[in-house]
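Participant: Data file upload.cif (mmCIF, N, CA and C atoms) is appended below.
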```cif
data_my_file
loop_
_atom_site.label_atom_id
_atom_site.label_comp_id
_atom_site.auth_asym_id
_atom_site.auth_seq_id
_atom_site.Cartn_x
_atom_site.Cartn_y
_atom_site.Cartn_z
N MET A 16 0.83 -1.19 0.00
CA MET A 16 0.00 0.00 0.00
C MET A 16 0.87 1.25 0.00
N LEU A 17 1.91 1.22 0.79
CA LEU A 17 2.81 2.37 0.86
C LEU A 17 3.52 2.59 -0.47
N GLU A 18 3.84 1.50 -1.13
CA GLU A 18 4.48 1.57 -2.45
C GLU A 18 3.55 2.23 -3.47
N LEU A 19 2.27 1.89 -3.41
CA LEU A 19 1.29 2.48 -4.32
C LEU A 19 1.18 3.98 -4.10
N LEU A 20 1.12 4.40 -2.84
CA LEU A 20 1.03 5.82 -2.53
C LEU A 20 2.28 6.57 -2.98
N LYS A 21 3.42 5.95 -2.79
CA LYS A 21 4.67 6.57 -3.22
C LYS A 21 4.71 6.73 -4.74
N ASP A 22 4.32 5.68 -5.47
CA ASP A 22 4.29 5.76 -6.93
C ASP A 22 3.29 6.80 -7.41
N LEU A 23 2.15 6.86 -6.76
CA LEU A 23 1.13 7.84 -7.15
C LEU A 23 1.64 9.26 -6.93
N TRP A 24 2.29 9.50 -5.80
CA TRP A 24 2.84 10.82 -5.52
C TRP A 24 3.93 11.18 -6.53
N LEU A 25 4.81 10.25 -6.84
CA LEU A 25 5.87 10.53 -7.83
C LEU A 25 5.28 10.83 -9.20
N TYR A 26 4.22 10.12 -9.57
CA TYR A 26 3.55 10.37 -10.85
C TYR A 26 2.96 11.78 -10.86
N MET A 27 2.26 12.15 -9.80
CA MET A 27 1.63 13.48 -9.76
C MET A 27 2.69 14.58 -9.76
N ARG A 28 3.78 14.37 -9.07
CA ARG A 28 4.82 15.39 -9.00
C ARG A 28 5.53 15.54 -10.35
N GLU A 29 5.79 14.42 -11.01
CA GLU A 29 6.52 14.46 -12.27
C GLU A 29 5.66 15.04 -13.40
N ARG A 30 4.40 14.66 -13.45
CA ARG A 30 3.51 15.09 -14.53
C ARG A 30 2.76 16.38 -14.21
N LYS A 31 2.97 16.94 -13.03
CA LYS A 31 2.30 18.18 -12.58
C LYS A 31 0.77 18.01 -12.58
N LYS A 32 0.32 16.89 -12.08
CA LYS A 32 -1.12 16.60 -12.01
C LYS A 32 -1.58 16.62 -10.55
N PHE A 33 -1.34 17.76 -9.90
CA PHE A 33 -1.71 17.89 -8.50
C PHE A 33 -3.21 18.01 -8.29
N TRP A 34 -3.96 18.25 -9.36
CA TRP A 34 -5.40 18.31 -9.25
C TRP A 34 -5.99 16.94 -8.93
N LEU A 35 -5.21 15.87 -9.12
CA LEU A 35 -5.69 14.53 -8.80
C LEU A 35 -5.79 14.29 -7.29
N LEU A 36 -5.00 15.01 -6.51
CA LEU A 36 -4.97 14.79 -5.06
C LEU A 36 -6.33 15.02 -4.41
N PRO A 37 -7.03 16.15 -4.65
CA PRO A 37 -8.36 16.30 -4.04
C PRO A 37 -9.37 15.25 -4.52
N VAL A 38 -9.27 14.85 -5.78
CA VAL A 38 -10.19 13.83 -6.31
C VAL A 38 -9.98 12.52 -5.57
N ILE A 39 -8.74 12.13 -5.39
CA ILE A 39 -8.42 10.88 -4.70
C ILE A 39 -8.86 10.94 -3.24
N LEU A 40 -8.63 12.08 -2.59
CA LEU A 40 -9.03 12.22 -1.19
C LEU A 40 -10.55 12.14 -1.02
N VAL A 41 -11.30 12.77 -1.91
CA VAL A 41 -12.76 12.72 -1.82
C VAL A 41 -13.26 11.29 -2.03
N LEU A 42 -12.68 10.59 -3.01
CA LEU A 42 -13.08 9.20 -3.24
C LEU A 42 -12.78 8.32 -2.03
N LEU A 43 -11.62 8.53 -1.41
CA LEU A 43 -11.28 7.76 -0.22
C LEU A 43 -12.23 8.06 0.94
N LEU A 44 -12.58 9.33 1.11
CA LEU A 44 -13.50 9.69 2.19
C LEU A 44 -14.90 9.11 1.96
N LEU A 45 -15.38 9.16 0.72
CA LEU A 45 -16.68 8.57 0.42
C LEU A 45 -16.67 7.06 0.62
N GLY A 46 -15.60 6.41 0.20
CA GLY A 46 -15.48 4.97 0.40
C GLY A 46 -15.46 4.60 1.87
N THR A 47 -14.72 5.38 2.65
CA THR A 47 -14.66 5.13 4.09
C THR A 47 -16.02 5.35 4.74
N LEU A 48 -16.72 6.39 4.32
CA LEU A 48 -18.05 6.66 4.86
C LEU A 48 -19.01 5.51 4.56
N LEU A 49 -18.95 4.98 3.36
CA LEU A 49 -19.84 3.88 3.01
C LEU A 49 -19.50 2.60 3.77
N VAL A 50 -18.22 2.34 3.97
CA VAL A 50 -17.83 1.14 4.71
C VAL A 50 -18.24 1.25 6.17
N VAL A 51 -18.05 2.42 6.76
CA VAL A 51 -18.42 2.62 8.17
C VAL A 51 -19.94 2.56 8.34
N ALA A 52 -20.65 3.08 7.36
CA ALA A 52 -22.12 3.14 7.46
C ALA A 52 -22.79 1.78 7.23
N GLN A 53 -22.06 0.80 6.71
CA GLN A 53 -22.66 -0.52 6.44
C GLN A 53 -23.33 -1.09 7.69
N GLY A 54 -22.65 -1.07 8.80
CA GLY A 54 -23.19 -1.70 10.00
C GLY A 54 -23.76 -0.72 10.99
N SER A 55 -24.00 0.48 10.56
CA SER A 55 -24.45 1.51 11.47
C SER A 55 -25.96 1.69 11.40
N ALA A 56 -26.52 2.22 12.49
CA ALA A 56 -27.94 2.53 12.51
C ALA A 56 -28.24 3.79 11.71
N LEU A 57 -27.20 4.54 11.38
CA LEU A 57 -27.37 5.77 10.61
C LEU A 57 -27.36 5.56 9.11
N SER A 58 -27.18 4.32 8.69
CA SER A 58 -27.05 4.06 7.25
C SER A 58 -28.24 4.53 6.41
N PRO A 59 -29.49 4.40 6.85
CA PRO A 59 -30.58 4.93 6.00
C PRO A 59 -30.49 6.44 5.80
N PHE A 60 -29.97 7.15 6.78
CA PHE A 60 -29.86 8.60 6.67
C PHE A 60 -28.68 9.00 5.80
N ILE A 61 -27.60 8.24 5.85
CA ILE A 61 -26.43 8.54 5.04
C ILE A 61 -26.72 8.25 3.59
N TYR A 62 -27.44 7.19 3.28
CA TYR A 62 -27.73 6.84 1.89
C TYR A 62 -28.66 7.85 1.22
N THR A 63 -29.45 8.59 2.03
CA THR A 63 -30.30 9.61 1.43
C THR A 63 -29.49 10.81 0.93
N LEU A 64 -28.26 10.95 1.39
CA LEU A 64 -27.39 12.02 0.90
C LEU A 64 -26.99 11.80 -0.54
N PHE A 65 -26.95 10.55 -0.97
CA PHE A 65 -26.53 10.22 -2.32
C PHE A 65 -27.75 10.04 -3.16
#
```
Re-express the file's structure as structure tokens.
Facilitator:
Amino acid sequence: MLELLKDLWLYMRERKKFWLLPVILVLLLLGTLLVVAQGSALSPFIYTLF
């Protein structure tokens, strides 16, 4: 996992594609929210956001 992050950072730095960083962070946050909400009592309320 650390190798993947390192390669991704080197790619963004070399190609000057820093706009990818916020996109990746938002996708990770949404994925984390969905995984956490799977077993939660709040899941019906979170799914209405989407």
Participant: Please define a box with edges along x, y and z of the file around all atoms of range 19-24 of chain A given in the file, extend it by 5 Å on each side, and return its centre and edge lengths in Å to one decimal, as JSON.
Facilitator:
```
{"center_x": 2.9, "center_y": 6.5, "center_z": -5.0, "size_x": 13.7, "size_y": 19.3, "size_z": 14.9}
```
Participant: Can you list, as a PyMOL selection string, every protein, DNA or RNA residue that comes within 12 Å of Pro37 in chain A when you count only C-alpha atoms, leaving out same-chain residues fewer than 6 positions away?
Facilitator: chain A and resi 27+43-44
Participant: Between atom N of Leu17 in chain A and atom C of Val51 in chain A, what is the distance, to one decimal in Å?
Facilitator: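 So the two atoms, atom N of Leu17 in chain A and atom C of Val51 in chain A, lie 23.2 Å apart.
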Participant: Expressed in Å to a single decimal, how great is the separation between CA of Leu40 in chain A and CA of Leu20 in chain A?
Facilitator: 12.0 Å
Participant: Could you state the separation of CA of Lys31 in chain A and CA of Leu48 in chain A in Å, given to one decimal place?
Facilitator: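 Between CA of Lys31 in chain A and CA of Leu48 in chain A the gap works out to 29.2 Å.
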Participant: Pull all heavy atoms for range 40-55 of chain A from the block and write them as a PDB file, in the first residue's frame.
Facilitator:
```
ATOM      1  N   LEU A  40      -8.632  12.081  -2.591  1.00  0.00           N
ATOM      2  CA  LEU A  40      -9.033  12.221  -1.190  1.00  0.00           C
ATOM      3  C   LEU A  40     -10.550  12.140  -1.021  1.00  0.00           C
ATOM      4  O   LEU A  40     -11.041  11.491  -0.093  1.00  0.00           O
ATOM      5  CB  LEU A  40      -8.510  13.535  -0.622  1.00  0.00           C
ATOM      6  CG  LEU A  40      -7.012  13.597  -0.379  1.00  0.00           C
ATOM      7  CD1 LEU A  40      -6.610  14.977   0.101  1.00  0.00           C
ATOM      8  CD2 LEU A  40      -6.583  12.541   0.609  1.00  0.00           C
ATOM      9  N   VAL A  41     -11.301  12.767  -1.908  1.00  0.00           N
ATOM     10  CA  VAL A  41     -12.762  12.718  -1.821  1.00  0.00           C
ATOM     11  C   VAL A  41     -13.261  11.291  -2.034  1.00  0.00           C
ATOM     12  O   VAL A  41     -14.152  10.818  -1.320  1.00  0.00           O
ATOM     13  CB  VAL A  41     -13.397  13.696  -2.834  1.00  0.00           C
ATOM     14  CG1 VAL A  41     -14.880  13.439  -3.008  1.00  0.00           C
ATOM     15  CG2 VAL A  41     -13.160  15.126  -2.397  1.00  0.00           C
ATOM     16  N   LEU A  42     -12.679  10.592  -3.010  1.00  0.00           N
ATOM     17  CA  LEU A  42     -13.082   9.202  -3.242  1.00  0.00           C
ATOM     18  C   LEU A  42     -12.775   8.316  -2.032  1.00  0.00           C
ATOM     19  O   LEU A  42     -13.582   7.452  -1.666  1.00  0.00           O
ATOM     20  CB  LEU A  42     -12.395   8.661  -4.491  1.00  0.00           C
ATOM     21  CG  LEU A  42     -12.911   9.192  -5.822  1.00  0.00           C
ATOM     22  CD1 LEU A  42     -12.051   8.678  -6.968  1.00  0.00           C
ATOM     23  CD2 LEU A  42     -14.358   8.822  -6.022  1.00  0.00           C
ATOM     24  N   LEU A  43     -11.624   8.531  -1.414  1.00  0.00           N
ATOM     25  CA  LEU A  43     -11.282   7.759  -0.219  1.00  0.00           C
ATOM     26  C   LEU A  43     -12.230   8.063   0.938  1.00  0.00           C
ATOM     27  O   LEU A  43     -12.652   7.148   1.661  1.00  0.00           O
ATOM     28  CB  LEU A  43      -9.839   8.043   0.201  1.00  0.00           C
ATOM     29  CG  LEU A  43      -8.762   7.387  -0.641  1.00  0.00           C
ATOM     30  CD1 LEU A  43      -7.384   7.879  -0.208  1.00  0.00           C
ATOM     31  CD2 LEU A  43      -8.836   5.885  -0.540  1.00  0.00           C
ATOM     32  N   LEU A  44     -12.581   9.332   1.115  1.00  0.00           N
ATOM     33  CA  LEU A  44     -13.503   9.692   2.193  1.00  0.00           C
ATOM     34  C   LEU A  44     -14.897   9.107   1.960  1.00  0.00           C
ATOM     35  O   LEU A  44     -15.525   8.607   2.892  1.00  0.00           O
ATOM     36  CB  LEU A  44     -13.590  11.209   2.324  1.00  0.00           C
ATOM     37  CG  LEU A  44     -12.382  11.879   2.958  1.00  0.00           C
ATOM     38  CD1 LEU A  44     -12.512  13.390   2.875  1.00  0.00           C
ATOM     39  CD2 LEU A  44     -12.214  11.439   4.390  1.00  0.00           C
ATOM     40  N   LEU A  45     -15.375   9.157   0.722  1.00  0.00           N
ATOM     41  CA  LEU A  45     -16.682   8.568   0.424  1.00  0.00           C
ATOM     42  C   LEU A  45     -16.672   7.056   0.617  1.00  0.00           C
ATOM     43  O   LEU A  45     -17.629   6.485   1.144  1.00  0.00           O
ATOM     44  CB  LEU A  45     -17.103   8.907  -1.004  1.00  0.00           C
ATOM     45  CG  LEU A  45     -17.610  10.319  -1.235  1.00  0.00           C
ATOM     46  CD1 LEU A  45     -17.840  10.552  -2.722  1.00  0.00           C
ATOM     47  CD2 LEU A  45     -18.859  10.586  -0.449  1.00  0.00           C
ATOM     48  N   GLY A  46     -15.597   6.413   0.200  1.00  0.00           N
ATOM     49  CA  GLY A  46     -15.478   4.973   0.403  1.00  0.00           C
ATOM     50  C   GLY A  46     -15.458   4.601   1.869  1.00  0.00           C
ATOM     51  O   GLY A  46     -16.114   3.641   2.297  1.00  0.00           O
ATOM     52  N   THR A  47     -14.722   5.377   2.647  1.00  0.00           N
ATOM     53  CA  THR A  47     -14.656   5.133   4.089  1.00  0.00           C
ATOM     54  C   THR A  47     -16.019   5.346   4.736  1.00  0.00           C
ATOM     55  O   THR A  47     -16.437   4.562   5.588  1.00  0.00           O
ATOM     56  CB  THR A  47     -13.613   6.067   4.736  1.00  0.00           C
ATOM     57  OG1 THR A  47     -12.361   5.879   4.092  1.00  0.00           O
ATOM     58  CG2 THR A  47     -13.478   5.795   6.213  1.00  0.00           C
ATOM     59  N   LEU A  48     -16.717   6.393   4.318  1.00  0.00           N
ATOM     60  CA  LEU A  48     -18.051   6.657   4.864  1.00  0.00           C
ATOM     61  C   LEU A  48     -19.005   5.508   4.565  1.00  0.00           C
ATOM     62  O   LEU A  48     -19.772   5.081   5.431  1.00  0.00           O
ATOM     63  CB  LEU A  48     -18.603   7.960   4.278  1.00  0.00           C
ATOM     64  CG  LEU A  48     -20.007   8.344   4.701  1.00  0.00           C
ATOM     65  CD1 LEU A  48     -20.036   8.685   6.181  1.00  0.00           C
ATOM     66  CD2 LEU A  48     -20.508   9.495   3.871  1.00  0.00           C
ATOM     67  N   LEU A  49     -18.946   4.981   3.359  1.00  0.00           N
ATOM     68  CA  LEU A  49     -19.837   3.875   3.008  1.00  0.00           C
ATOM     69  C   LEU A  49     -19.500   2.598   3.770  1.00  0.00           C
ATOM     70  O   LEU A  49     -20.389   1.860   4.179  1.00  0.00           O
ATOM     71  CB  LEU A  49     -19.782   3.622   1.503  1.00  0.00           C
ATOM     72  CG  LEU A  49     -20.440   4.688   0.645  1.00  0.00           C
ATOM     73  CD1 LEU A  49     -20.209   4.397  -0.827  1.00  0.00           C
ATOM     74  CD2 LEU A  49     -21.921   4.773   0.941  1.00  0.00           C
ATOM     75  N   VAL A  50     -18.221   2.339   3.973  1.00  0.00           N
ATOM     76  CA  VAL A  50     -17.825   1.136   4.713  1.00  0.00           C
ATOM     77  C   VAL A  50     -18.238   1.254   6.174  1.00  0.00           C
ATOM     78  O   VAL A  50     -18.757   0.299   6.766  1.00  0.00           O
ATOM     79  CB  VAL A  50     -16.305   0.900   4.587  1.00  0.00           C
ATOM     80  CG1 VAL A  50     -15.820  -0.129   5.582  1.00  0.00           C
ATOM     81  CG2 VAL A  50     -15.958   0.483   3.173  1.00  0.00           C
ATOM     82  N   VAL A  51     -18.051   2.419   6.763  1.00  0.00           N
ATOM     83  CA  VAL A  51     -18.419   2.621   8.167  1.00  0.00           C
ATOM     84  C   VAL A  51     -19.940   2.564   8.337  1.00  0.00           C
ATOM     85  O   VAL A  51     -20.442   2.058   9.329  1.00  0.00           O
ATOM     86  CB  VAL A  51     -17.852   3.966   8.679  1.00  0.00           C
ATOM     87  CG1 VAL A  51     -18.422   4.339  10.030  1.00  0.00           C
ATOM     88  CG2 VAL A  51     -16.337   3.895   8.757  1.00  0.00           C
ATOM     89  N   ALA A  52     -20.654   3.075   7.357  1.00  0.00           N
ATOM     90  CA  ALA A  52     -22.115   3.135   7.464  1.00  0.00           C
ATOM     91  C   ALA A  52     -22.786   1.781   7.233  1.00  0.00           C
ATOM     92  O   ALA A  52     -23.975   1.645   7.514  1.00  0.00           O
ATOM     93  CB  ALA A  52     -22.657   4.146   6.465  1.00  0.00           C
ATOM     94  N   GLN A  53     -22.064   0.800   6.711  1.00  0.00           N
ATOM     95  CA  GLN A  53     -22.656  -0.522   6.444  1.00  0.00           C
ATOM     96  C   GLN A  53     -23.327  -1.092   7.685  1.00  0.00           C
ATOM     97  O   GLN A  53     -24.435  -1.579   7.617  1.00  0.00           O
ATOM     98  CB  GLN A  53     -21.591  -1.511   6.009  1.00  0.00           C
ATOM     99  CG  GLN A  53     -21.230  -1.588   4.563  1.00  0.00           C
ATOM    100  CD  GLN A  53     -22.351  -1.659   3.580  1.00  0.00           C
ATOM    101  OE1 GLN A  53     -22.574  -0.679   2.931  1.00  0.00           O
ATOM    102  NE2 GLN A  53     -23.008  -2.761   3.422  1.00  0.00           N
ATOM    103  N   GLY A  54     -22.645  -1.071   8.799  1.00  0.00           N
ATOM    104  CA  GLY A  54     -23.186  -1.704   9.998  1.00  0.00           C
ATOM    105  C   GLY A  54     -23.755  -0.722  10.990  1.00  0.00           C
ATOM    106  O   GLY A  54     -23.998  -1.059  12.134  1.00  0.00           O
ATOM    107  N   SER A  55     -23.996   0.478  10.560  1.00  0.00           N
ATOM    108  CA  SER A  55     -24.447   1.515  11.468  1.00  0.00           C
ATOM    109  C   SER A  55     -25.959   1.688  11.402  1.00  0.00           C
ATOM    110  O   SER A  55     -26.600   1.397  10.400  1.00  0.00           O
ATOM    111  CB  SER A  55     -23.762   2.835  11.097  1.00  0.00           C
ATOM    112  OG  SER A  55     -24.316   3.897  11.824  1.00  0.00           O
TER     113      SER A  55
END
```
